[in-house]
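*Asks:* One file is attached below, work27.txt, containing compact mmCIF, C-alpha atoms and all ligand atoms.
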```
# COMPACT_ATOMS: atom_id res chain seq x y z
CA MET A 1 -3.28 -4.80 -4.26
CA SER A 2 -5.23 -1.82 -2.96
CA LEU A 3 -6.68 0.66 -5.45
CA LEU A 4 -3.92 3.08 -4.50
CA GLU A 5 -1.24 0.47 -5.17
CA GLN A 6 -2.91 -0.41 -8.48
CA LEU A 7 -2.88 3.25 -9.48
CA ILE A 8 0.80 3.68 -8.58
CA ASP A 9 1.62 0.52 -10.50
CA ALA A 10 -0.37 1.66 -13.55
CA PHE A 11 1.46 5.01 -13.73
CA ARG A 12 4.70 3.09 -14.25
CA ILE A 13 3.73 2.29 -17.86
CA LEU A 14 4.59 5.92 -18.67
CA PRO A 15 8.08 6.64 -20.05
CA GLY A 16 10.61 7.77 -17.45
CA VAL A 17 8.23 7.13 -14.54
CA GLY A 18 9.70 5.00 -11.74
CA GLN A 19 8.20 3.99 -8.41
CA LYS A 20 8.86 7.34 -6.75
CA SER A 21 7.36 9.45 -9.56
CA ALA A 22 4.40 7.09 -9.83
CA GLN A 23 3.68 7.53 -6.11
CA ARG A 24 3.90 11.28 -6.46
CA MET A 25 1.50 11.24 -9.41
CA ALA A 26 -1.04 9.06 -7.61
CA TYR A 27 -0.98 11.20 -4.47
CA HIS A 28 -1.11 14.41 -6.47
CA VAL A 29 -4.21 13.28 -8.35
CA LEU A 30 -5.97 12.10 -5.18
CA GLU A 31 -5.05 15.15 -3.12
CA ARG A 32 -5.53 17.91 -5.65
CA GLU A 33 -6.66 16.76 -9.08
CA ARG A 34 -9.63 14.40 -8.85
CA ALA A 35 -11.46 16.17 -11.68
CA GLY A 36 -8.29 16.16 -13.78
CA GLY A 37 -7.77 12.48 -12.98
CA ARG A 38 -11.25 11.70 -14.23
CA ARG A 39 -10.54 13.69 -17.39
CA LEU A 40 -7.23 11.84 -17.94
CA SER A 41 -9.01 8.53 -17.41
CA GLU A 42 -11.57 9.37 -20.07
CA ALA A 43 -9.03 10.79 -22.52
CA LEU A 44 -6.93 7.63 -22.21
CA ALA A 45 -9.89 5.33 -22.76
CA SER A 46 -11.07 7.27 -25.83
CA ALA A 47 -7.60 7.60 -27.33
CA VAL A 48 -6.69 3.95 -26.92
CA GLU A 49 -10.06 2.90 -28.27
CA ARG A 50 -10.54 5.30 -31.14
CA ILE A 51 -7.15 6.46 -32.45
CA GLY A 52 -6.08 4.27 -35.33
CA ASN A 53 -3.82 4.93 -38.31
CA CYS A 54 -4.36 7.16 -41.33
CA GLU A 55 -5.01 5.13 -44.48
CA ARG A 56 -2.59 7.21 -46.48
CA CYS A 57 0.34 8.03 -44.17
CA ARG A 58 -0.09 5.58 -41.26
CA ASP A 59 0.19 8.41 -38.71
CA PHE A 60 -2.15 8.33 -35.74
CA SER A 61 -5.61 9.47 -36.74
CA GLU A 62 -9.12 9.19 -35.38
CA THR A 63 -10.48 9.53 -38.92
CA GLY A 64 -9.77 7.38 -41.98
CA VAL A 65 -7.51 10.01 -43.50
CA CYS A 66 -5.62 12.34 -41.15
CA ALA A 67 -5.88 16.13 -41.20
CA THR A 68 -2.44 16.55 -42.78
CA CYS A 69 -3.15 14.15 -45.65
CA ALA A 70 -6.55 15.75 -46.17
CA SER A 71 -5.16 19.29 -46.18
CA ALA A 72 -5.20 21.20 -49.48
CA SER A 73 -2.29 23.39 -48.40
CA ARG A 74 0.47 20.80 -48.21
CA ASP A 75 3.02 20.27 -51.00
CA VAL A 76 2.19 16.89 -52.56
CA HIS A 77 5.56 16.72 -54.36
CA GLN A 78 7.49 16.11 -51.15
CA LEU A 79 7.03 13.02 -48.98
CA CYS A 80 8.96 12.54 -45.74
CA ALA A 81 9.39 9.02 -44.33
CA VAL A 82 9.82 8.76 -40.56
CA GLU A 83 9.95 5.83 -38.17
CA SER A 84 7.32 6.97 -35.68
CA PRO A 85 4.47 9.43 -35.11
CA ALA A 86 6.67 11.10 -32.48
CA ASP A 87 9.37 11.70 -35.11
CA ARG A 88 6.75 13.14 -37.45
CA LEU A 89 5.61 15.50 -34.71
CA ALA A 90 9.21 16.55 -33.96
CA ILE A 91 9.80 17.48 -37.62
CA GLU A 92 6.45 19.22 -37.90
CA GLN A 93 7.19 21.32 -34.80
CA ALA A 94 10.88 22.06 -35.48
CA THR A 95 10.97 22.72 -39.21
CA GLY A 96 9.00 24.66 -41.80
CA TYR A 97 8.34 21.50 -43.81
CA ARG A 98 5.06 21.74 -45.73
CA GLY A 99 5.08 18.45 -47.63
CA LEU A 100 3.41 15.19 -46.64
CA TYR A 101 4.59 12.29 -44.47
CA PHE A 102 4.76 8.54 -44.46
CA VAL A 103 5.03 6.95 -41.01
CA LEU A 104 6.73 3.54 -41.07
CA GLN A 105 5.68 2.67 -37.49
CA GLY A 106 9.05 0.94 -37.08
CA ARG A 107 12.28 0.18 -38.93
CA LEU A 108 13.54 -2.82 -40.87
CA SER A 109 14.65 -5.41 -38.36
CA PRO A 110 14.71 -8.89 -39.94
CA LEU A 111 15.69 -10.59 -36.69
CA ASP A 112 12.52 -9.25 -35.06
CA GLY A 113 10.43 -10.26 -38.06
CA ILE A 114 9.96 -6.66 -39.19
CA GLY A 115 10.25 -6.53 -42.97
CA PRO A 116 8.92 -4.30 -45.76
CA ARG A 117 5.38 -5.57 -45.32
CA GLU A 118 5.25 -4.65 -41.61
CA LEU A 119 6.34 -1.10 -42.47
CA GLY A 120 3.64 -0.73 -45.10
CA LEU A 121 6.20 -0.37 -47.89
CA ASP A 122 3.79 -1.91 -50.41
CA ARG A 123 1.55 1.07 -49.79
CA LEU A 124 4.51 3.45 -49.97
CA ALA A 125 5.47 1.91 -53.35
CA GLU A 126 1.92 2.49 -54.66
CA ARG A 127 2.14 6.05 -53.45
CA LEU A 128 5.45 6.65 -55.25
CA ALA A 129 4.05 4.98 -58.39
CA GLU A 130 1.18 7.52 -58.48
CA GLY A 131 3.68 10.02 -59.89
CA GLU A 132 2.95 13.05 -57.70
CA VAL A 133 5.90 12.63 -55.34
CA GLN A 134 9.17 14.08 -56.65
CA GLU A 135 11.34 13.89 -53.52
CA LEU A 136 11.33 11.25 -50.79
CA ILE A 137 12.95 12.73 -47.69
CA ILE A 138 14.18 9.80 -45.64
CA ALA A 139 14.25 10.89 -42.01
CA THR A 140 14.76 7.53 -40.31
CA ASN A 141 16.96 7.62 -37.22
CA PRO A 142 20.76 7.51 -37.60
CA THR A 143 21.02 4.08 -35.98
CA VAL A 144 22.22 0.90 -37.71
CA GLU A 145 18.67 -0.24 -38.42
CA GLY A 146 17.56 3.26 -39.36
CA GLU A 147 20.41 3.52 -41.90
CA ALA A 148 19.60 0.11 -43.36
CA THR A 149 15.98 1.19 -43.68
CA ALA A 150 17.07 4.44 -45.35
CA HIS A 151 19.05 2.56 -47.99
CA TYR A 152 16.12 0.28 -48.71
CA LEU A 153 13.81 3.28 -49.07
CA ALA A 154 16.29 5.08 -51.35
CA GLN A 155 16.32 2.10 -53.71
CA LEU A 156 12.53 1.97 -53.66
CA ALA A 157 12.37 5.68 -54.51
CA ARG A 158 14.79 5.39 -57.41
CA LYS A 159 12.88 2.45 -58.77
CA HIS A 160 9.90 4.78 -59.14
CA GLY A 161 11.90 7.70 -60.51
CA VAL A 162 11.69 9.63 -57.21
CA ARG A 163 14.73 11.48 -55.85
CA PRO A 164 15.74 10.21 -52.37
CA SER A 165 17.30 12.66 -49.91
CA ARG A 166 18.40 12.43 -46.30
CA PRO A 167 18.95 14.99 -43.55
CA THR A 168 22.66 14.40 -43.02
CA HIS A 169 24.21 16.81 -40.57
CA GLY A 170 23.69 17.49 -36.94
CA VAL A 171 21.62 14.58 -35.71
CA PRO A 172 24.06 12.62 -33.53
CA LEU A 173 24.82 9.08 -34.63
CA GLY A 174 22.63 6.63 -32.76
CA GLY A 175 20.37 9.49 -31.68
CA GLU A 176 16.64 9.54 -32.07
CA LEU A 177 14.96 12.35 -33.92
CA GLU A 178 12.35 12.85 -31.29
CA TYR A 179 14.99 13.71 -28.66
CA VAL A 180 17.05 16.09 -30.81
CA ASP A 181 16.62 19.80 -30.06
CA ARG A 182 14.61 21.90 -32.49
CA GLY A 183 17.49 23.97 -33.87
CA THR A 184 19.60 20.92 -34.69
CA LEU A 185 16.68 19.10 -36.25
CA SER A 186 15.64 22.13 -38.29
CA HIS A 187 19.21 22.55 -39.56
CA ALA A 188 19.63 18.86 -40.36
CA PHE A 189 16.32 18.84 -42.19
CA GLY A 190 17.17 21.93 -44.19
CA SER A 191 20.62 20.68 -45.20
CA ARG A 192 19.53 17.30 -46.53
CA SER A 193 21.42 15.93 -49.49
CA GLU A 194 20.58 13.46 -52.21
CA MET A 195 21.41 9.90 -51.26
CA PRO A 196 24.10 8.24 -53.39
CA GLY A 197 22.97 5.33 -55.55
CA MET B 1 -9.25 19.45 -30.06
CA SER B 2 -8.48 16.02 -31.49
CA LEU B 3 -8.47 13.00 -29.16
CA LEU B 4 -4.67 13.04 -29.31
CA GLU B 5 -4.54 16.70 -28.30
CA GLN B 6 -7.04 16.03 -25.50
CA LEU B 7 -4.84 13.21 -24.23
CA ILE B 8 -1.68 15.35 -24.30
CA ASP B 9 -3.55 18.12 -22.52
CA ALA B 10 -4.90 15.73 -19.87
CA PHE B 11 -1.42 14.37 -19.05
CA ARG B 12 -0.42 17.89 -18.01
CA ILE B 13 -2.40 17.58 -14.78
CA LEU B 14 0.42 15.33 -13.51
CA PRO B 15 3.15 16.93 -11.38
CA GLY B 16 6.28 17.93 -13.30
CA VAL B 17 4.74 17.10 -16.68
CA GLY B 18 5.01 19.89 -19.26
CA GLN B 19 3.96 19.94 -22.91
CA LYS B 20 6.97 17.96 -24.13
CA SER B 21 6.66 15.17 -21.54
CA ALA B 22 2.91 15.02 -22.08
CA GLN B 23 3.44 14.50 -25.82
CA ARG B 24 5.98 11.78 -25.13
CA MET B 25 3.57 10.02 -22.76
CA ALA B 26 0.68 10.15 -25.22
CA TYR B 27 2.77 8.83 -28.11
CA HIS B 28 4.35 6.16 -25.93
CA VAL B 29 0.95 4.85 -24.83
CA LEU B 30 -0.44 4.85 -28.37
CA GLU B 31 2.65 3.30 -29.95
CA ARG B 32 3.56 0.71 -27.37
CA GLU B 33 1.27 0.58 -24.36
CA ARG B 34 -2.37 0.45 -25.38
CA ALA B 35 -3.16 -2.30 -22.88
CA GLY B 36 -1.28 -0.40 -20.18
CA GLY B 37 -3.13 2.78 -21.14
CA ARG B 38 -6.46 1.00 -20.69
CA ARG B 39 -5.30 -0.28 -17.31
CA LEU B 40 -4.20 3.22 -16.23
CA SER B 41 -7.55 4.62 -17.37
CA GLU B 42 -9.43 2.10 -15.25
CA ALA B 43 -7.15 2.50 -12.23
CA LEU B 44 -7.61 6.26 -12.34
CA ALA B 45 -11.38 6.03 -12.59
CA SER B 46 -11.62 3.55 -9.71
CA ALA B 47 -9.19 5.44 -7.49
CA VAL B 48 -10.82 8.83 -7.99
CA GLU B 49 -14.25 7.32 -7.46
CA ARG B 50 -13.62 4.98 -4.56
CA ILE B 51 -10.67 6.20 -2.50
CA GLY B 52 -11.91 8.32 0.37
CA ASN B 53 -10.47 9.06 3.79
CA CYS B 54 -10.04 6.79 6.80
CA GLU B 55 -12.50 7.65 9.58
CA ARG B 56 -9.79 7.49 12.22
CA CYS B 57 -6.64 8.96 10.64
CA ARG B 58 -7.93 10.78 7.51
CA ASP B 59 -5.36 9.02 5.30
CA PHE B 60 -6.49 7.76 1.91
CA SER B 61 -8.48 4.58 2.26
CA GLU B 62 -10.95 2.63 0.19
CA THR B 63 -12.47 1.21 3.38
CA GLY B 64 -13.99 3.05 6.34
CA VAL B 65 -10.94 2.41 8.51
CA CYS B 66 -7.55 2.07 6.78
CA ALA B 67 -5.28 -0.97 7.06
CA THR B 68 -2.83 0.83 9.36
CA CYS B 69 -5.51 1.96 11.82
CA ALA B 70 -7.06 -1.52 11.74
CA SER B 71 -3.75 -3.28 12.32
CA ALA B 72 -3.21 -5.02 15.67
CA SER B 73 0.56 -4.69 15.40
CA ARG B 74 0.94 -0.92 15.59
CA ASP B 75 1.86 0.92 18.80
CA VAL B 76 -1.26 2.80 19.89
CA HIS B 77 0.72 4.97 22.32
CA GLN B 78 2.39 6.96 19.55
CA LEU B 79 0.52 9.16 17.09
CA CYS B 80 2.27 11.03 14.30
CA ALA B 81 0.58 14.08 12.75
CA VAL B 82 1.51 14.86 9.13
CA GLU B 83 0.21 17.34 6.60
CA SER B 84 -0.45 14.96 3.71
CA PRO B 85 -0.81 11.30 2.77
CA ALA B 86 2.43 11.67 0.79
CA ASP B 87 4.25 12.76 3.96
CA ARG B 88 2.78 9.78 5.82
CA LEU B 89 4.05 7.47 3.09
CA ALA B 90 7.52 9.07 3.16
CA ILE B 91 7.79 8.48 6.93
CA GLU B 92 6.42 4.95 6.66
CA GLN B 93 8.96 4.08 3.95
CA ALA B 94 11.98 5.87 5.43
CA THR B 95 11.72 5.15 9.13
CA GLY B 96 11.01 2.21 11.39
CA TYR B 97 8.05 4.01 12.98
CA ARG B 98 5.42 1.54 14.21
CA GLY B 99 2.90 3.89 15.79
CA LEU B 100 -0.25 5.36 14.23
CA TYR B 101 -0.82 8.48 12.13
CA PHE B 102 -3.13 11.43 11.87
CA VAL B 103 -3.24 13.08 8.45
CA LEU B 104 -4.24 16.75 8.58
CA GLN B 105 -4.83 17.03 4.82
CA GLY B 106 -3.41 20.53 4.95
CA ARG B 107 -1.93 23.06 7.38
CA LEU B 108 -3.36 25.99 9.29
CA SER B 109 -3.71 28.88 6.88
CA PRO B 110 -6.24 31.41 8.15
CA LEU B 111 -5.98 33.60 5.05
CA ASP B 112 -7.07 30.65 2.92
CA GLY B 113 -9.88 29.81 5.31
CA ILE B 114 -8.12 26.69 6.61
CA GLY B 115 -8.61 26.50 10.35
CA PRO B 116 -8.71 23.74 12.99
CA ARG B 117 -12.04 22.43 11.72
CA GLU B 118 -10.76 21.92 8.15
CA LEU B 119 -7.83 19.89 9.49
CA GLY B 120 -10.11 17.65 11.54
CA LEU B 121 -8.58 18.83 14.81
CA ASP B 122 -11.85 18.23 16.66
CA ARG B 123 -11.43 14.56 15.81
CA LEU B 124 -7.76 14.68 16.81
CA ALA B 125 -8.76 16.21 20.16
CA GLU B 126 -11.25 13.37 20.77
CA ARG B 127 -8.52 10.92 19.91
CA LEU B 128 -6.10 12.48 22.39
CA ALA B 129 -8.85 12.56 25.03
CA GLU B 130 -9.31 8.78 24.73
CA GLY B 131 -6.16 8.40 26.82
CA GLU B 132 -4.26 5.81 24.77
CA VAL B 133 -1.88 8.23 23.04
CA GLN B 134 1.18 9.14 25.12
CA GLU B 135 3.28 10.96 22.50
CA LEU B 136 2.11 13.16 19.62
CA ILE B 137 4.91 13.33 17.04
CA ILE B 138 4.32 16.51 15.08
CA ALA B 139 5.83 16.03 11.64
CA THR B 140 4.38 19.02 9.83
CA ASN B 141 6.69 20.63 7.26
CA PRO B 142 9.32 23.15 8.42
CA THR B 143 7.61 26.04 6.62
CA VAL B 144 6.07 29.08 8.31
CA GLU B 145 2.59 27.58 8.17
CA GLY B 146 3.85 24.13 9.13
CA GLU B 147 5.57 25.59 12.21
CA ALA B 148 2.47 27.52 13.22
CA THR B 149 0.45 24.33 12.86
CA ALA B 150 3.02 22.46 14.96
CA HIS B 151 2.68 24.95 17.80
CA TYR B 152 -1.08 24.73 17.72
CA LEU B 153 -0.90 20.92 17.84
CA ALA B 154 1.61 21.01 20.70
CA GLN B 155 -0.79 23.09 22.78
CA LEU B 156 -3.63 20.74 21.95
CA ALA B 157 -1.51 17.76 23.01
CA ARG B 158 -0.51 19.31 26.34
CA LYS B 159 -4.11 20.21 27.05
CA HIS B 160 -4.85 16.48 26.96
CA GLY B 161 -1.78 15.45 28.94
CA VAL B 162 0.00 14.12 25.85
CA ARG B 163 3.71 14.81 25.27
CA PRO B 164 4.32 16.69 21.99
CA SER B 165 7.57 16.04 20.11
CA ARG B 166 8.99 17.21 16.81
CA PRO B 167 11.62 15.86 14.43
CA THR B 168 14.06 18.76 14.61
CA HIS B 169 17.27 18.13 12.77
CA GLY B 170 18.08 17.54 9.13
CA VAL B 171 14.94 18.50 7.30
CA PRO B 172 15.90 21.73 5.50
CA LEU B 173 13.93 24.83 6.45
CA GLY B 174 11.11 25.38 4.00
CA GLY B 175 11.53 21.85 2.68
CA GLU B 176 8.77 19.35 2.31
CA LEU B 177 9.00 15.97 4.01
CA GLU B 178 7.95 14.10 0.94
CA TYR B 179 10.99 15.39 -1.00
CA VAL B 180 13.60 14.73 1.70
CA ASP B 181 15.84 11.71 1.17
CA ARG B 182 15.24 8.63 3.30
CA GLY B 183 18.41 8.83 5.39
CA THR B 184 17.80 12.45 6.37
CA LEU B 185 14.16 11.81 7.17
CA SER B 186 14.95 8.70 9.17
CA HIS B 187 17.57 10.59 11.18
CA ALA B 188 15.29 13.59 11.74
CA PHE B 189 12.49 11.32 12.87
CA GLY B 190 14.72 9.37 15.23
CA SER B 191 16.20 12.49 16.85
CA ARG B 192 12.93 14.23 17.63
CA SER B 193 12.80 16.26 20.79
CA GLU B 194 10.03 17.37 23.10
CA MET B 195 8.51 20.66 22.07
CA PRO B 196 8.94 23.51 24.59
CA GLY B 197 5.77 24.81 26.21
ZN ZN A 201 -2.30 10.84 -43.09
ZN ZN A 202 -6.49 5.21 9.21
```
Take the structure from the file and write it as structure tokens.
*Replies:*
Amino acid sequence: MSLLEQLIDAFRILPGVGQKSAQRMAYHVLERERAGGRRLSEALASAVERIGNCERCRDFSETGVCATCASASRDVHQLCAVESPADRLAIEQATGYRGLYFVLQGRLSPLDGIGPRELGLDRLAERLAEGEVQELIIATNPTVEGEATAHYLAQLARKHGVRPSRPTHGVPLGGELEYVDRGTLSHAFGSRSEMPG
Amino acid sequence: MSLLEQLIDAFRILPGVGQKSAQRMAYHVLERERAGGRRLSEALASAVERIGNCERCRDFSETGVCATCASASRDVHQLCAVESPADRLAIEQATGYRGLYFVLQGRLSPLDGIGPRELGLDRLAERLAEGEVQELIIATNPTVEGEATAHYLAQLARKHGVRPSRPTHGVPLGGELEYVDRGTLSHAFGSRSEMPG
């Protein structure tokens, strides 16, 4: 493969980018954005190399503890569990939530070998046992696996005397948080209700 | 800016990528495509560094003369002038054209300081003077500047005893070749007519 073909092929790792878009991106960079292409190359290399996960919330972080967890201005009594960093970002951008997060980096999926350990739930349990958290907002996606995960988390919360709640309305069944529009997400988040036992 | 913010920002150099898509790309790479992200980083660096222009046709090439110009199976009697490498690729993929190309890397635009020299027309003139080319297919875009460029090229062709032709039908006025669907482009290319003097 020529370097141009390799570049077109490499662009196809990006979400929603097919052959035609990948070609357009490669030509655009070569024709008009060589400096930008060099910058993107360096940003990708640094990010992939140096962005790990926060020790406390498992969100992406280039430091041991992320900026949100380290912030003195967040409400430590509320903890919001989400499946992915993208979901965390969607909630952060769409709602006025000022509590903390816990990023599962997945959902329970026994057939794929993803159990409580893979989602860091031992660490979440320790966190709940510390006694600061009063409400666990369970914002997993409204899919079958997301719902199963939510029920597991609700039981875990109750076991530690923490009230579990779930944004109930507005997010379409089977939808993914990250693709829901801001207004809907903000409303769903605001209207969360306690999960039944 | 954090490394994550730098990555999101860098993705925005790509065509059609706004803040939301850039976020999605960055999270996708970090969550699921770290190896692919490394590969894209390397492909970008190599391409930007090592892809230059073919000495004969000015298309992108990582070697002095590109594969098309070096090929023994192309018809040396036909030369097709296009504005950009992307236009060349669109014609190559949509039509059965087997001649050679000349890539202007732009269009005449005196107000922007883009004249015959910037488009390599001295080299095109030498090429036409060599005597091999019998038809110059002028496939500049049907915009005001593209039409002006076409007329200039037609005069240049006639001066060297070469017949100028232009794909006339089907490409919408003001449209860009690279965005025209294959069928339309193929038809327009096949139905080209000699340019009036
Ligand atoms: Zn954190
Ligand atoms: Zn060439």
*Asks:* Here is a test: counting all atoms listed in the file, which residue of B:Ser2, B:Ser41, B:Asn53, B:Ser84 is nearest to chain A?
*Replies:*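 Closest candidate: B:Ser41.
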*Asks:* For a test of reading the model, state the distance in Å between atom CA of A:Gly183 and atom CA of B:Gln6, rounded to one decimal.
*Replies:*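 Pair atom CA of A:Gly183 / atom CA of B:Gln6 returns 27.1 Å.
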*Asks:* Within 10 Å of A:Arg34, counting only C-alpha atoms, which residues show up once you throw out same-chain ones fewer than 6 positions away? Write them as a PyMOL selection string, please.
*Replies:* (chain A and resi 28+40) or (chain B and resi 13+44-45+47-49)
*Asks:* Can I get the residues close to ligand ZN 202 (chain A) as a PDB file with C-alpha atoms, in the frame of the given file, where close means within 7 Å and we count all atoms listed in the file?
*Replies:*
```pdb
ATOM      1  CA  CYS B  54     -10.040   6.790   6.800  1.00  0.00           C
ATOM      2  CA  GLU B  55     -12.500   7.650   9.580  1.00  0.00           C
ATOM      3  CA  ARG B  56      -9.790   7.490  12.220  1.00  0.00           C
ATOM      4  CA  CYS B  57      -6.640   8.960  10.640  1.00  0.00           C
ATOM      5  CA  ARG B  58      -7.930  10.780   7.510  1.00  0.00           C
ATOM      6  CA  ASP B  59      -5.360   9.020   5.300  1.00  0.00           C
ATOM      7  CA  VAL B  65     -10.940   2.410   8.510  1.00  0.00           C
ATOM      8  CA  CYS B  66      -7.550   2.070   6.780  1.00  0.00           C
ATOM      9  CA  ALA B  67      -5.280  -0.970   7.060  1.00  0.00           C
ATOM     10  CA  THR B  68      -2.830   0.830   9.360  1.00  0.00           C
ATOM     11  CA  CYS B  69      -5.510   1.960  11.820  1.00  0.00           C
TER      12      CYS B  69
END
```
*Asks:* At a cut-off of 10 Å, list the chain A residues touching chain B, using only C-alpha atoms, as number ranges by chain.
*Replies:* A: 2-17, 21-52, 60-62, 84-86, 89, 105-106, 178-179
*Asks:* List the neighbours of stretch 111-120 of chain A out to 10 Å using only C-alpha atoms; skip same-chain residues closer than 2 positions along the sequence, and give me the result as a ChimeraX atom specification.
*Replies:* /A:57-58,83,102-109,122-125,149,152-153
*Asks:* To one decimal in Å, tell me the separation between atom CA of B:Ala148 and atom CA of B:Gly131.
*Replies:*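 That distance, rounded to one decimal, is 25.0 Å.
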*Asks:* Quick one: of A:Ala70, A:Ala129, A:Val76, A:Ile137, who's nearest to A:Ala188, counting all atoms listed in the file?
*Replies:*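 The shortest atom-to-atom distance to A:Ala188 comes from A:Ile137.
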*Asks:* Enter the distance from atom CA of A:Arg88 to atom CA of A:Arg158, in Å, rounded to one decimal.
*Replies:* 22.9 Å
*Asks:* Using all atoms listed in the file, determine which residues lie at most 6 Å from B:Tyr101, disregarding the query and same-chain residues fewer than 5 positions distant; provide the list as number ranges by chain.
*Replies:* B: 79-81
*Asks:* Just give me the residues with any atom within 9 Å of (15.1, 22.9, -40.5), file coordinates, counting only C-alpha atoms, written as a PyMOL selection string.
*Replies:* chain A and resi 91+94-97+182-191
*Asks:* Assuming the input is short of atoms at stretch 83-89 of chain A, produce all heavy atoms for that part as a PDB file, in the coordinates of the input.
*Replies:*
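Result file follows (rebuild_6.pdb):
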```pdb
ATOM      1  N   GLU A  83      10.195   7.111 -38.838  1.00  0.00           N
ATOM      2  CA  GLU A  83       9.950   5.830 -38.170  1.00  0.00           C
ATOM      3  C   GLU A  83       8.676   5.846 -37.325  1.00  0.00           C
ATOM      4  O   GLU A  83       7.962   4.862 -37.247  1.00  0.00           O
ATOM      5  CB  GLU A  83      11.142   5.467 -37.280  1.00  0.00           C
ATOM      6  CG  GLU A  83      12.406   5.146 -38.078  1.00  0.00           C
ATOM      7  CD  GLU A  83      13.551   4.671 -37.209  1.00  0.00           C
ATOM      8  OE1 GLU A  83      13.309   4.290 -36.037  1.00  0.00           O
ATOM      9  OE2 GLU A  83      14.689   4.703 -37.690  1.00  0.00           O
ATOM     10  N   SER A  84       8.427   6.974 -36.654  1.00  0.00           N
ATOM     11  CA  SER A  84       7.320   6.970 -35.680  1.00  0.00           C
ATOM     12  C   SER A  84       6.509   8.258 -35.725  1.00  0.00           C
ATOM     13  O   SER A  84       6.991   9.292 -36.198  1.00  0.00           O
ATOM     14  CB  SER A  84       7.892   6.822 -34.264  1.00  0.00           C
ATOM     15  OG  SER A  84       8.555   8.023 -33.909  1.00  0.00           O
ATOM     16  N   PRO A  85       5.280   8.213 -35.231  1.00  0.00           N
ATOM     17  CA  PRO A  85       4.470   9.430 -35.110  1.00  0.00           C
ATOM     18  C   PRO A  85       5.182  10.514 -34.297  1.00  0.00           C
ATOM     19  O   PRO A  85       5.041  11.703 -34.603  1.00  0.00           O
ATOM     20  CB  PRO A  85       3.219   8.933 -34.389  1.00  0.00           C
ATOM     21  CG  PRO A  85       3.092   7.502 -34.783  1.00  0.00           C
ATOM     22  CD  PRO A  85       4.518   7.009 -34.836  1.00  0.00           C
ATOM     23  N   ALA A  86       5.962  10.104 -33.292  1.00  0.00           N
ATOM     24  CA  ALA A  86       6.670  11.100 -32.480  1.00  0.00           C
ATOM     25  C   ALA A  86       7.722  11.823 -33.328  1.00  0.00           C
ATOM     26  O   ALA A  86       7.939  13.028 -33.174  1.00  0.00           O
ATOM     27  CB  ALA A  86       7.314  10.440 -31.269  1.00  0.00           C
ATOM     28  N   ASP A  87       8.395  11.081 -34.217  1.00  0.00           N
ATOM     29  CA  ASP A  87       9.370  11.700 -35.110  1.00  0.00           C
ATOM     30  C   ASP A  87       8.679  12.680 -36.070  1.00  0.00           C
ATOM     31  O   ASP A  87       9.173  13.764 -36.346  1.00  0.00           O
ATOM     32  CB  ASP A  87      10.120  10.641 -35.926  1.00  0.00           C
ATOM     33  CG  ASP A  87      11.061   9.810 -35.067  1.00  0.00           C
ATOM     34  OD1 ASP A  87      11.369  10.237 -33.937  1.00  0.00           O
ATOM     35  OD2 ASP A  87      11.479   8.729 -35.517  1.00  0.00           O
ATOM     36  N   ARG A  88       7.525  12.265 -36.571  1.00  0.00           N
ATOM     37  CA  ARG A  88       6.750  13.140 -37.450  1.00  0.00           C
ATOM     38  C   ARG A  88       6.414  14.450 -36.735  1.00  0.00           C
ATOM     39  O   ARG A  88       6.580  15.540 -37.272  1.00  0.00           O
ATOM     40  CB  ARG A  88       5.447  12.465 -37.899  1.00  0.00           C
ATOM     41  CG  ARG A  88       4.724  13.207 -39.032  1.00  0.00           C
ATOM     42  CD  ARG A  88       3.213  13.035 -38.950  1.00  0.00           C
ATOM     43  NE  ARG A  88       2.662  13.946 -37.974  1.00  0.00           N
ATOM     44  CZ  ARG A  88       2.035  15.099 -38.258  1.00  0.00           C
ATOM     45  NH1 ARG A  88       1.841  15.460 -39.508  1.00  0.00           N
ATOM     46  NH2 ARG A  88       1.587  15.896 -37.298  1.00  0.00           N
ATOM     47  N   LEU A  89       5.968  14.314 -35.490  1.00  0.00           N
ATOM     48  CA  LEU A  89       5.610  15.500 -34.710  1.00  0.00           C
ATOM     49  C   LEU A  89       6.827  16.396 -34.486  1.00  0.00           C
ATOM     50  O   LEU A  89       6.742  17.627 -34.581  1.00  0.00           O
ATOM     51  CB  LEU A  89       5.010  15.085 -33.365  1.00  0.00           C
ATOM     52  CG  LEU A  89       4.575  16.239 -32.453  1.00  0.00           C
ATOM     53  CD1 LEU A  89       3.350  16.949 -33.019  1.00  0.00           C
ATOM     54  CD2 LEU A  89       4.275  15.738 -31.040  1.00  0.00           C
TER      55      LEU A  89
END
```
